[in-house]
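Q: Got a file for you: model-v3.cif, mmCIF, C-alpha atoms.
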data_upload
#
loop_
_atom_site.label_atom_id
_atom_site.label_comp_id
_atom_site.auth_asym_id
_atom_site.auth_seq_id
_atom_site.Cartn_x
_atom_site.Cartn_y
_atom_site.Cartn_z
CA MET A 1 37.77 -49.21 -9.87
CA ARG A 2 38.02 -47.49 -13.25
CA VAL A 3 35.11 -48.17 -15.60
CA LEU A 4 35.63 -47.65 -19.31
CA VAL A 5 32.34 -47.21 -21.18
CA LEU A 6 32.30 -47.36 -24.96
CA GLY A 7 29.29 -45.66 -26.53
CA ALA A 8 27.04 -42.88 -25.25
CA GLY A 9 23.61 -44.07 -26.30
CA PHE A 10 20.79 -45.15 -23.99
CA GLY A 11 22.98 -47.81 -22.37
CA GLY A 12 26.16 -45.80 -21.91
CA LEU A 13 24.35 -42.69 -20.66
CA GLU A 14 22.25 -44.61 -18.16
CA LEU A 15 25.27 -46.53 -16.88
CA VAL A 16 27.47 -43.50 -16.22
CA THR A 17 24.55 -41.58 -14.71
CA ARG A 18 23.77 -44.36 -12.26
CA LEU A 19 27.42 -44.75 -11.26
CA SER A 20 27.75 -41.01 -10.70
CA GLU A 21 24.48 -40.77 -8.76
CA GLU A 22 25.47 -43.59 -6.41
CA LEU A 23 29.22 -43.11 -6.09
CA GLY A 24 29.74 -39.40 -6.76
CA ASP A 25 33.40 -38.41 -6.89
CA ASP A 26 34.35 -41.96 -5.92
CA ALA A 27 33.32 -43.01 -9.41
CA ASP A 28 36.17 -43.25 -11.92
CA VAL A 29 34.38 -43.47 -15.25
CA VAL A 30 35.50 -42.65 -18.77
CA LEU A 31 32.74 -42.43 -21.41
CA ILE A 32 33.90 -42.49 -25.04
CA ASP A 33 31.83 -41.68 -28.12
CA LYS A 34 32.74 -40.26 -31.52
CA ALA A 35 29.63 -38.08 -31.84
CA ASP A 36 28.98 -34.51 -30.76
CA ASP A 37 25.49 -35.17 -29.51
CA PHE A 38 22.76 -37.67 -28.77
CA ILE A 39 19.34 -37.89 -30.43
CA MET A 40 16.53 -40.01 -29.06
CA GLY A 41 15.17 -42.50 -31.54
CA PHE A 42 11.63 -41.17 -31.64
CA SER A 43 12.91 -37.66 -32.31
CA LYS A 44 14.05 -38.73 -35.79
CA LEU A 45 10.44 -39.29 -36.86
CA ASP A 46 9.36 -36.00 -35.29
CA VAL A 47 11.90 -34.18 -37.48
CA MET A 48 11.14 -36.32 -40.52
CA PHE A 49 7.47 -35.36 -40.46
CA GLY A 50 8.00 -31.70 -39.70
CA ARG A 51 6.96 -31.67 -36.06
CA THR A 52 10.25 -30.15 -34.93
CA THR A 53 13.72 -29.23 -36.18
CA PRO A 54 17.06 -31.07 -36.03
CA ASP A 55 18.58 -28.50 -33.67
CA ALA A 56 15.69 -28.89 -31.24
CA VAL A 57 16.31 -32.62 -30.70
CA ARG A 58 20.09 -32.62 -30.25
CA HIS A 59 21.49 -33.22 -26.76
CA SER A 60 25.12 -32.12 -26.56
CA TYR A 61 27.62 -34.41 -24.90
CA ALA A 62 29.24 -31.24 -23.57
CA ASP A 63 26.33 -31.22 -21.10
CA VAL A 64 27.36 -34.59 -19.62
CA VAL A 65 28.89 -33.03 -16.52
CA LYS A 66 28.74 -35.49 -13.63
CA PRO A 67 30.86 -36.22 -10.57
CA GLY A 68 33.34 -38.98 -11.31
CA VAL A 69 32.61 -39.07 -15.06
CA ARG A 70 34.80 -37.85 -17.91
CA PHE A 71 33.46 -37.70 -21.46
CA VAL A 72 35.96 -38.17 -24.28
CA GLN A 73 34.92 -37.47 -27.85
CA ALA A 74 37.03 -39.84 -29.92
CA GLU A 75 36.93 -42.47 -32.65
CA ILE A 76 37.68 -45.91 -31.24
CA ARG A 77 40.30 -47.60 -33.42
CA SER A 78 40.68 -50.93 -31.62
CA ILE A 79 39.34 -52.81 -28.60
CA ASP A 80 41.38 -55.28 -26.55
CA PRO A 81 38.86 -57.13 -24.35
CA THR A 82 41.57 -59.27 -22.73
CA HIS A 83 43.30 -56.22 -21.27
CA ARG A 84 40.11 -54.08 -21.11
CA SER A 85 41.69 -51.32 -23.16
CA VAL A 86 41.07 -49.33 -26.31
CA GLU A 87 43.07 -47.29 -28.75
CA THR A 88 41.41 -44.10 -29.99
CA ASP A 89 42.37 -41.08 -32.01
CA ALA A 90 42.61 -39.31 -28.63
CA GLY A 91 44.99 -41.87 -27.18
CA HIS A 92 45.00 -45.08 -25.15
CA PHE A 93 42.47 -45.84 -22.41
CA ASP A 94 42.11 -48.81 -20.09
CA GLY A 95 39.98 -49.81 -17.15
CA ASP A 96 39.38 -52.37 -14.46
CA VAL A 97 35.98 -52.90 -16.10
CA LEU A 98 35.08 -52.46 -19.76
CA VAL A 99 31.48 -51.97 -20.92
CA VAL A 100 30.74 -52.10 -24.65
CA ALA A 101 27.61 -50.13 -25.56
CA LEU A 102 28.40 -49.16 -29.14
CA GLY A 103 25.07 -50.18 -30.61
CA ALA A 104 24.57 -51.31 -34.20
CA ASP A 105 25.90 -49.57 -37.29
CA LEU A 106 23.61 -49.08 -40.26
CA ASP A 107 24.73 -50.02 -43.76
CA PRO A 108 22.45 -48.67 -46.52
CA ALA A 109 24.99 -49.75 -49.17
CA ALA A 110 24.40 -53.40 -48.21
CA THR A 111 21.08 -53.28 -50.07
CA PRO A 112 21.67 -52.81 -53.81
CA GLY A 113 20.00 -49.65 -55.05
CA LEU A 114 18.98 -48.24 -51.66
CA VAL A 115 21.54 -45.43 -51.70
CA GLU A 116 20.85 -44.57 -55.35
CA ALA A 117 17.07 -44.99 -55.53
CA GLY A 118 15.75 -44.85 -51.97
CA HIS A 119 16.12 -43.08 -48.66
CA GLU A 120 17.03 -44.66 -45.34
CA PHE A 121 15.43 -43.01 -42.32
CA TYR A 122 16.94 -44.88 -39.37
CA THR A 123 20.02 -42.69 -38.87
CA PRO A 124 19.57 -39.06 -37.79
CA ALA A 125 21.20 -37.87 -41.01
CA GLY A 126 18.93 -40.12 -43.07
CA ALA A 127 15.76 -39.05 -41.26
CA PHE A 128 16.66 -35.38 -41.51
CA ALA A 129 17.36 -35.74 -45.23
CA ALA A 130 14.08 -37.62 -45.68
CA ALA A 131 12.28 -34.62 -44.15
CA GLU A 132 13.44 -32.53 -47.11
CA VAL A 133 12.38 -35.24 -49.55
CA LEU A 134 8.92 -35.45 -48.02
CA ASP A 135 8.60 -31.68 -48.03
CA SER A 136 8.87 -31.68 -51.82
CA PHE A 137 6.87 -34.89 -52.40
CA THR A 138 3.78 -34.32 -54.54
CA GLY A 139 2.12 -37.73 -54.20
CA GLY A 140 2.55 -41.24 -55.52
CA THR A 141 3.32 -44.74 -54.31
CA VAL A 142 5.34 -44.87 -51.09
CA ILE A 143 6.92 -48.03 -49.72
CA VAL A 144 8.30 -48.25 -46.21
CA GLY A 145 10.47 -51.36 -46.30
CA VAL A 146 12.80 -53.37 -44.07
CA THR A 147 15.92 -54.73 -45.78
CA SER A 148 17.38 -57.14 -43.19
CA THR A 149 17.04 -58.65 -39.74
CA PRO A 150 17.55 -57.95 -36.93
CA PHE A 151 16.62 -54.27 -36.94
CA LYS A 152 16.18 -51.63 -34.27
CA CYS A 153 12.83 -50.70 -32.77
CA PRO A 154 10.45 -53.10 -34.57
CA PRO A 155 7.41 -50.78 -34.06
CA ALA A 156 9.08 -47.85 -35.87
CA PRO A 157 8.14 -48.86 -39.45
CA SER A 158 4.50 -49.14 -38.38
CA GLU A 159 4.67 -45.74 -36.74
CA THR A 160 6.20 -44.36 -39.93
CA VAL A 161 3.35 -45.39 -42.23
CA LEU A 162 0.71 -44.06 -39.84
CA MET A 163 2.52 -40.75 -39.43
CA LEU A 164 3.01 -40.63 -43.20
CA HIS A 165 -0.74 -41.05 -43.68
CA ASP A 166 -1.38 -38.03 -41.45
CA PHE A 167 1.38 -36.04 -43.15
CA LEU A 168 -0.01 -36.64 -46.64
CA THR A 169 -3.58 -36.05 -45.49
CA GLU A 170 -2.66 -32.67 -44.00
CA ARG A 171 -1.07 -31.70 -47.32
CA GLY A 172 -4.00 -32.84 -49.42
CA LEU A 173 -1.93 -35.59 -51.05
CA ARG A 174 -3.37 -38.73 -49.51
CA ASP A 175 -6.02 -39.30 -52.19
CA LYS A 176 -3.37 -39.50 -54.89
CA SER A 177 -0.93 -41.57 -52.86
CA GLU A 178 -0.56 -45.21 -51.88
CA ILE A 179 1.28 -46.39 -48.77
CA SER A 180 2.72 -49.88 -48.27
CA LEU A 181 4.64 -51.44 -45.40
CA VAL A 182 6.97 -54.36 -46.11
CA MET A 183 8.31 -56.18 -43.03
CA PRO A 184 9.99 -59.54 -42.34
CA LEU A 185 7.67 -60.17 -39.39
CA GLY A 186 4.39 -62.03 -39.42
CA SER A 187 2.73 -59.25 -37.43
CA PRO A 188 3.73 -55.64 -36.74
CA ILE A 189 4.82 -56.37 -33.14
CA PRO A 190 4.99 -60.17 -32.65
CA PRO A 191 5.55 -60.09 -28.86
CA SER A 192 2.30 -58.14 -28.42
CA PRO A 193 -0.68 -59.66 -30.27
CA ALA A 194 -2.96 -56.93 -28.92
CA ALA A 195 -0.76 -54.14 -30.25
CA SER A 196 -0.39 -55.92 -33.58
CA LYS A 197 -4.15 -56.31 -33.90
CA ALA A 198 -4.64 -52.62 -33.15
CA LEU A 199 -2.03 -51.59 -35.73
CA LEU A 200 -3.48 -53.84 -38.42
CA ALA A 201 -6.90 -52.31 -37.80
CA GLU A 202 -5.38 -48.85 -38.23
CA PHE A 203 -3.71 -49.92 -41.48
CA ALA A 204 -6.99 -51.27 -42.83
CA GLU A 205 -8.93 -48.14 -41.86
CA ARG A 206 -6.37 -45.91 -43.58
CA GLY A 207 -5.88 -48.00 -46.70
CA ILE A 208 -2.26 -48.89 -45.89
CA THR A 209 -1.09 -52.10 -47.58
CA TRP A 210 0.53 -54.55 -45.18
CA THR A 211 3.05 -57.03 -46.64
CA PRO A 212 4.28 -59.35 -43.86
CA ASP A 213 7.02 -62.00 -43.85
CA SER A 214 8.88 -60.15 -46.58
CA LEU A 215 12.27 -58.46 -46.99
CA VAL A 216 13.32 -55.92 -49.58
CA ARG A 217 16.50 -57.27 -51.18
CA SER A 218 17.19 -54.55 -53.76
CA LEU A 219 15.83 -51.50 -55.52
CA ASP A 220 15.82 -51.00 -59.27
CA GLY A 221 15.79 -47.26 -59.69
CA ASP A 222 15.56 -47.36 -63.48
CA ARG A 223 12.32 -49.31 -63.34
CA GLY A 224 11.15 -47.89 -60.00
CA VAL A 225 10.58 -51.24 -58.31
CA ALA A 226 11.54 -52.83 -55.01
CA VAL A 227 12.59 -56.46 -55.40
CA LEU A 228 11.58 -58.70 -52.51
CA ALA A 229 13.47 -61.77 -51.29
CA ASP A 230 10.94 -64.09 -52.95
CA GLY A 231 11.34 -62.34 -56.31
CA ARG A 232 8.17 -60.25 -56.22
CA GLU A 233 8.44 -56.67 -57.41
CA LEU A 234 6.60 -53.69 -55.99
CA PRO A 235 6.53 -50.35 -57.84
CA PHE A 236 7.34 -47.17 -55.94
CA ASP A 237 7.74 -43.45 -56.42
CA LEU A 238 9.30 -43.00 -52.98
CA PHE A 239 11.07 -45.69 -50.97
CA LEU A 240 11.82 -45.18 -47.26
CA GLY A 241 14.05 -47.99 -46.07
CA VAL A 242 15.25 -49.56 -42.85
CA PRO A 243 18.88 -50.36 -43.76
CA ALA A 244 20.91 -53.42 -42.87
CA HIS A 245 22.25 -53.48 -39.32
CA ARG A 246 25.80 -54.58 -38.52
CA VAL A 247 27.94 -54.76 -35.43
CA PRO A 248 30.44 -51.86 -35.57
CA ALA A 249 33.59 -52.90 -37.43
CA VAL A 250 35.81 -52.15 -34.44
CA VAL A 251 33.76 -54.62 -32.36
CA ALA A 252 33.86 -57.29 -35.06
CA GLU A 253 37.64 -56.92 -35.22
CA SER A 254 37.96 -57.31 -31.43
CA GLY A 255 37.15 -61.02 -31.54
CA MET A 256 34.21 -60.65 -29.16
CA CYS A 257 31.46 -61.58 -31.62
CA VAL A 258 29.75 -64.87 -32.37
CA ASP A 259 27.44 -64.94 -35.41
CA GLY A 260 27.80 -61.20 -35.80
CA TRP A 261 27.00 -59.94 -32.28
CA ILE A 262 28.47 -60.10 -28.78
CA PRO A 263 27.08 -62.99 -26.71
CA VAL A 264 26.45 -62.17 -23.05
CA ASP A 265 25.08 -63.85 -19.98
CA PRO A 266 21.36 -62.96 -20.29
CA LEU A 267 21.10 -62.24 -16.57
CA THR A 268 24.33 -60.36 -15.82
CA LEU A 269 25.32 -59.00 -19.27
CA GLU A 270 28.85 -60.36 -18.75
CA THR A 271 30.80 -61.44 -21.83
CA SER A 272 33.19 -64.39 -21.98
CA TYR A 273 36.02 -61.98 -21.09
CA PRO A 274 36.54 -61.29 -17.36
CA ASP A 275 35.26 -57.88 -16.25
CA VAL A 276 33.94 -57.09 -19.72
CA TYR A 277 30.22 -56.38 -20.15
CA ALA A 278 28.15 -55.54 -23.21
CA VAL A 279 24.69 -53.96 -23.34
CA GLY A 280 22.17 -52.98 -25.98
CA ASP A 281 22.08 -53.41 -29.72
CA VAL A 282 25.66 -54.68 -29.95
CA THR A 283 24.66 -57.90 -28.13
CA SER A 284 22.70 -61.04 -28.93
CA VAL A 285 21.01 -61.00 -25.52
CA GLY A 286 17.62 -62.02 -26.92
CA THR A 287 15.57 -58.84 -26.52
CA PRO A 288 14.69 -56.39 -29.31
CA LYS A 289 17.28 -53.86 -30.38
CA ALA A 290 15.85 -50.74 -28.78
CA GLY A 291 17.13 -48.06 -26.44
CA VAL A 292 14.82 -48.94 -23.57
CA PHE A 293 16.22 -52.47 -23.37
CA SER A 294 19.77 -51.13 -23.48
CA GLU A 295 18.92 -48.68 -20.70
CA ARG A 296 17.53 -51.42 -18.47
CA GLN A 297 20.52 -53.67 -19.13
CA ALA A 298 22.84 -50.81 -18.22
CA GLY A 299 20.98 -50.39 -14.95
CA VAL A 300 21.77 -54.00 -14.07
CA VAL A 301 25.45 -53.54 -14.88
CA ALA A 302 25.47 -50.35 -12.81
CA ASP A 303 23.97 -52.14 -9.81
CA ARG A 304 26.55 -54.90 -10.06
CA LEU A 305 29.44 -52.46 -10.30
CA ILE A 306 28.14 -50.37 -7.41
CA ASP A 307 27.93 -53.53 -5.28
CA ARG A 308 31.46 -54.42 -6.33
CA HIS A 309 32.76 -50.98 -5.36
CA ARG A 310 31.10 -51.30 -1.96
CA ARG A 311 32.39 -54.88 -1.58
CA GLU A 312 28.88 -56.24 -1.43
CA THR A 313 27.53 -59.33 -3.17
CA ALA A 314 26.26 -58.49 -6.65
CA GLY A 315 22.67 -59.63 -6.94
CA ALA A 316 21.08 -57.58 -9.75
CA THR A 317 19.96 -59.52 -12.82
CA TYR A 318 18.31 -58.50 -16.07
CA ASP A 319 14.60 -59.28 -16.31
CA GLY A 320 14.21 -58.75 -20.08
CA THR A 321 11.55 -56.06 -19.69
CA GLY A 322 11.12 -53.01 -21.88
CA LEU A 323 8.40 -50.56 -22.84
CA CYS A 324 7.65 -48.70 -26.01
CA PHE A 325 5.40 -45.76 -26.85
CA ILE A 326 3.88 -46.20 -30.31
CA GLU A 327 2.58 -43.43 -32.56
CA PHE A 328 -0.84 -44.42 -33.90
CA GLY A 329 -1.54 -41.23 -35.83
CA GLY A 330 -4.17 -38.67 -35.01
CA ASP A 331 -2.00 -37.46 -32.12
CA ARG A 332 -2.66 -40.73 -30.29
CA ILE A 333 -0.03 -42.85 -28.53
CA GLY A 334 -0.19 -46.51 -27.56
CA ARG A 335 2.07 -48.24 -25.06
CA VAL A 336 3.52 -51.74 -25.00
CA GLU A 337 5.47 -53.35 -22.17
CA VAL A 338 6.97 -56.76 -22.89
CA THR A 339 9.19 -59.15 -20.94
CA PHE A 340 11.52 -61.57 -22.72
CA ARG A 341 12.88 -64.52 -20.75
CA SER A 342 15.13 -67.22 -22.17
CA GLY A 343 13.20 -70.33 -23.16
CA GLU A 344 9.79 -68.70 -22.61
CA PRO A 345 7.41 -66.88 -24.95
CA PRO A 346 7.37 -63.11 -24.37
CA VAL A 347 4.57 -61.72 -22.25
CA GLY A 348 3.35 -58.18 -22.01
CA THR A 349 0.64 -55.59 -21.80
CA PHE A 350 -0.82 -53.12 -24.27
CA ASP A 351 -2.40 -49.76 -23.48
CA GLU A 352 -4.82 -48.66 -26.18
CA PRO A 353 -3.81 -45.53 -28.09
CA SER A 354 -4.95 -42.24 -26.62
CA GLN A 355 -3.98 -38.59 -26.54
CA GLU A 356 -3.46 -38.90 -22.78
CA LEU A 357 -0.48 -41.20 -23.28
CA ARG A 358 1.31 -38.47 -25.22
CA SER A 359 2.14 -36.72 -21.96
CA ARG A 360 3.69 -39.94 -20.65
CA LYS A 361 5.83 -40.20 -23.75
CA ALA A 362 6.87 -36.58 -23.26
CA ASP A 363 7.81 -37.34 -19.65
CA PHE A 364 9.85 -40.30 -20.84
CA GLY A 365 11.97 -38.02 -23.02
CA SER A 366 12.23 -35.04 -20.70
CA SER A 367 13.14 -37.11 -17.64
CA ARG A 368 16.06 -38.73 -19.44
CA ALA A 369 17.29 -35.44 -20.84
CA LYS A 370 17.27 -34.09 -17.29
CA ARG A 371 19.08 -37.05 -15.72
CA TRP A 372 21.62 -37.64 -18.47
CA PHE A 373 22.36 -34.08 -19.61
CA GLY A 374 21.04 -31.86 -16.82
CA THR A 375 18.88 -29.97 -19.32
CA ASP A 376 15.20 -29.07 -19.45
CA TRP A 377 13.80 -30.41 -22.71
CA ALA A 378 10.36 -31.05 -24.10
CA ASN A 379 9.90 -33.32 -27.09
CA HIS A 380 6.92 -32.98 -29.42
#
As structure tokens, please, write out the structure in this file.
A:
Amino acid sequence: MRVLVLGAGFGGLELVTRLSEELGDDADVVLIDKADDFIMGFSKLDVMFGRTTPDAVRHSYADVVKPGVRFVQAEIRSIDPTHRSVETDAGHFDGDVLVVALGADLDPAATPGLVEAGHEFYTPAGAFAAAEVLDSFTGGTVIVGVTSTPFKCPPAPSETVLMLHDFLTERGLRDKSEISLVMPLGSPIPPSPAASKALLAEFAERGITWTPDSLVRSLDGDRGVAVLADGRELPFDLFLGVPAHRVPAVVAESGMCVDGWIPVDPLTLETSYPDVYAVGDVTSVGTPKAGVFSERQAGVVADRLIDRHRRETAGATYDGTGLCFIEFGGDRIGRVEVTFRSGEPPVGTFDEPSQELRSRKADFGSSRAKRWFGTDWANH
């Protein structure tokens, strides 16, 4: 059974690792990604706020050396889900099983004025460039704003304003700066009322303006204002934006999408095409677009493929559970675990922010670097 995996993010890396761990040289897996390296989502903020450097958070795909797995660095030009094959700039590949884990592409140009007058910080390149902007910032009005839905990692904008508060405070710039957060959600983390309450209390204590149920539709750089969907205008000296998210063009052109994303069986992650699965941000599975959900979905697909290889009945199903470590500022970390099930309200737990949870976040990063890349790594 040859498994063709498109995309080497949380989902793709977890899938190929599990297959290799369980099947060894009996695995026949091809992993394709156009990038040189992988960067964990939370590492972007660590670089952005000067906690570490870009080189320190890169995990090279050259280190993905696993029995039964071949990594191919290539641009995917077309996907044929009917025949489970792809064309790339490195040639043609096909498989008995195809797994699409290409995530969501980010499109700053979709928001008028964002490229010219603001700074997106959701891509590694954008976050690393924003680090230089912040390094030369001398104070003023800062807006952290979301420009469309859905968007990856809903807690990240809240983390950003709290980390920005600490950053400006350490530089003696907080007293002459204002920080605002504009989000399309009614609370910072709707699935977790306890976490949302805690974040709102932190915003209030730090003088961070919270603007819920709002989207930034455009920026007017000449006048220095962000224009919201309802027509309101907010002045800014520095705008840090969450750009529009889109399914990758090559996925859209494959015919797999409905309403912009790939629909899947919420329990098995199977698409409407036989032996074609999709995991993570590229899907409309009904959980937030975040790496931890993609990783868990990939684990289900791995279990099902391992059972298939061993000619056993596939029984693994996706439970909709994911966890998130949340930066609360002051070197404190909170933790949310939420389960999403179709037709039911999400349920979850919240661990109050503490410095002790930082070690658990560090373990989260280092354990994955070890399993996926075979490297010893310590995040901030």
Q: Write out, as a tab-separated table, each residue of range 274-343 of chain A that has an atom at most 12 Å from range 251-255 of chain A, together with the closest pair of atoms and their distance in Å to one decimal, counting all atoms listed in the file, rows going by chain and rising number.
A:
residue	atom	partner	partner_atom	distance
A:Ala278	CA	A:Val251	CA	10.8
A:Val282	CA	A:Val251	CA	8.5
A:Thr283	CA	A:Val251	CA	10.6
Q: Report, in Å to a single decimal, how far apart CA of Gly12 in chain A and CA of Ala298 in chain A are.
A: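 Between CA of Ala298 in chain A and CA of Gly12 in chain A the gap is 7.1 Å.
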Q: Pull out every residue that the PyMOL selection byres ((chain A and resi 263) around 12) matches in the shown coordinates and put them as a compact mmCIF listing (two decimals) with C-alpha atoms, in the coordinates of the input.
A:
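File produced: expr23.txt:
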# COMPACT_ATOMS: atom_id res chain seq x y z
CA VAL A 100 30.74 -52.10 -24.65
CA GLY A 255 37.15 -61.02 -31.54
CA MET A 256 34.21 -60.65 -29.16
CA CYS A 257 31.46 -61.58 -31.62
CA VAL A 258 29.75 -64.87 -32.37
CA ASP A 259 27.44 -64.94 -35.41
CA GLY A 260 27.80 -61.20 -35.80
CA TRP A 261 27.00 -59.94 -32.28
CA ILE A 262 28.47 -60.10 -28.78
CA VAL A 264 26.45 -62.17 -23.05
CA ASP A 265 25.08 -63.85 -19.98
CA PRO A 266 21.36 -62.96 -20.29
CA LEU A 267 21.10 -62.24 -16.57
CA THR A 268 24.33 -60.36 -15.82
CA LEU A 269 25.32 -59.00 -19.27
CA GLU A 270 28.85 -60.36 -18.75
CA THR A 271 30.80 -61.44 -21.83
CA SER A 272 33.19 -64.39 -21.98
CA TYR A 273 36.02 -61.98 -21.09
CA VAL A 276 33.94 -57.09 -19.72
CA TYR A 277 30.22 -56.38 -20.15
CA ALA A 278 28.15 -55.54 -23.21
CA VAL A 279 24.69 -53.96 -23.34
CA GLY A 280 22.17 -52.98 -25.98
CA ASP A 281 22.08 -53.41 -29.72
CA VAL A 282 25.66 -54.68 -29.95
CA THR A 283 24.66 -57.90 -28.13
CA SER A 284 22.70 -61.04 -28.93
CA VAL A 285 21.01 -61.00 -25.52
CA GLY A 286 17.62 -62.02 -26.92
Q: Decode the PyMOL selection byres ((chain A and resi 149) around 9) for the given file into explicit residues and return them as a ChimeraX atom specification.
A: /A:146-148,150-152,184,215,244-245
Q: Would you save the residues of that selection, restricted to C-alpha atoms, as a compact mmCIF listing (two decimals), in the coordinates of the input?
A:
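Saved to result_8.txt:
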# COMPACT_ATOMS: atom_id res chain seq x y z
CA VAL A 146 12.80 -53.37 -44.07
CA THR A 147 15.92 -54.73 -45.78
CA SER A 148 17.38 -57.14 -43.19
CA PRO A 150 17.55 -57.95 -36.93
CA PHE A 151 16.62 -54.27 -36.94
CA LYS A 152 16.18 -51.63 -34.27
CA PRO A 184 9.99 -59.54 -42.34
CA LEU A 215 12.27 -58.46 -46.99
CA ALA A 244 20.91 -53.42 -42.87
CA HIS A 245 22.25 -53.48 -39.32
Q: Of the candidates A:Val242, A:Val72, A:Ala110, A:Ile143, which one gets nearest to Thr209 in chain A if we count all atoms listed in the file?
A: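 Once distances to Thr209 in chain A are computed over all atoms listed in the file, the minimum belongs to A:Ile143.
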Q: Give me the result of the PyMOL selection byres ((chain A and resi 356) around 12) on this file, residue by residue, as a PyMOL selection string.
A: chain A and resi 325+331-335+351-355+357-363
Q: Work out how far apart CA of Leu19 in chain A and CA of Cys153 in chain A are and give it in Å to one decimal.
A: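 Separation of CA of Leu19 in chain A and CA of Cys153 in chain A: 26.7 Å.
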Q: Quick one, how far is CA of Gly291 in chain A from CA of Glu337 in chain A?
A: 13.5 Å
Q: Which is closer to Phe364 in chain A than all the others in A:Ala130, A:Met1, A:Val69, A:Leu323, using all atoms listed in the file?
A: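 Using all atoms listed in the file, the shortest distance to Phe364 in chain A belongs to A:Leu323.
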Q: What are the closest atom pairs, with distances in Å to one decimal, for all residues of range 7-105 of chain A lying within 12 Å of range 165-175 of chain A? Consider all atoms listed in the file, order rows by chain and residue number, and present the result as JSON lines.
A:
{"residue": "A:Leu45", "atom": "CA", "partner": "A:Phe167", "partner_atom": "CA", "distance": 11.5}
{"residue": "A:Asp46", "atom": "CA", "partner": "A:Phe167", "partner_atom": "CA", "distance": 11.2}
{"residue": "A:Met48", "atom": "CA", "partner": "A:Phe167", "partner_atom": "CA", "distance": 10.1}
{"residue": "A:Phe49", "atom": "CA", "partner": "A:Phe167", "partner_atom": "CA", "distance": 6.7}
{"residue": "A:Gly50", "atom": "CA", "partner": "A:Phe167", "partner_atom": "CA", "distance": 8.6}
{"residue": "A:Arg51", "atom": "CA", "partner": "A:Phe167", "partner_atom": "CA", "distance": 10.0}
Q: Give me the residues within 12 Å of range 365-370 of chain A as a VMD selection string, counting all atoms listed in the file and dropping any in the same chain fewer than 2 places off.
A: chain A and resid 9 to 11 13 to 14 17 to 18 37 to 43 57 to 61 63 to 65 291 to 292 295 324 to 325 358 to 363 372 to 380
Q: Considering only C-alpha atoms, can you say which of A:Pro155, A:Asp25, A:Glu233, A:Val16 comes closest to Ser192 in chain A?
A: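 Once distances to Ser192 in chain A are computed over only C-alpha atoms, the minimum belongs to A:Pro155.
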Q: In the coordinate frame of the file, compute which residues have an atom within 6 Å of (10.4, -52.7, -51.8) when using only C-alpha atoms, and state them as a list of chain:residue names.
A: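 Applying the cut-off with only C-alpha atoms, one gets A:Gly145, A:Val216, A:Ala226, A:Val227, A:Leu234.
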Q: Taking only C-alpha atoms into account, which of A:Val29, A:Ala8, A:Leu23, A:Leu240 comes nearest Phe93 in chain A?
A: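 Once distances to Phe93 in chain A are computed over only C-alpha atoms, the minimum belongs to A:Val29.
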Q: Determine the nearest neighbour of Asp135 in chain A from the options A:Thr317, A:Phe293, A:Leu164, A:Ile76, counting only C-alpha atoms.
A: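 That would be A:Leu164, the residue with the smallest distance to Asp135 in chain A.
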Q: Pick from A:Leu228, A:Val3, A:Ala125, A:Leu102: nearest to Ala27 in chain A, with all atoms listed in the file counted?
A: A:Val3
Q: What's the 8 Å shell around range 126-128 of chain A, counting only C-alpha atoms, without same-chain residues fewer than 3 positions away, as an MDAnalysis selection string?
A: chainID A and resid 44:45 47:48 54 119:123 131:132
Q: Compute the distance from (6.4, -57.9, -23.9) to each atom, counting all atoms listed in the file, keep the residues with any atom at most 6 Å away, and return them as a tab-separated table (two decimals) with C-alpha atoms, in the frame of the given file; use the coordinates of the file.
A:
chain	number	residue	atom	x	y	z
A	191	PRO	CA	5.55	-60.09	-28.86
A	337	GLU	CA	5.47	-53.35	-22.17
A	338	VAL	CA	6.97	-56.76	-22.89
A	339	THR	CA	9.19	-59.15	-20.94
A	346	PRO	CA	7.37	-63.11	-24.37
A	347	VAL	CA	4.57	-61.72	-22.25
A	348	GLY	CA	3.35	-58.18	-22.01
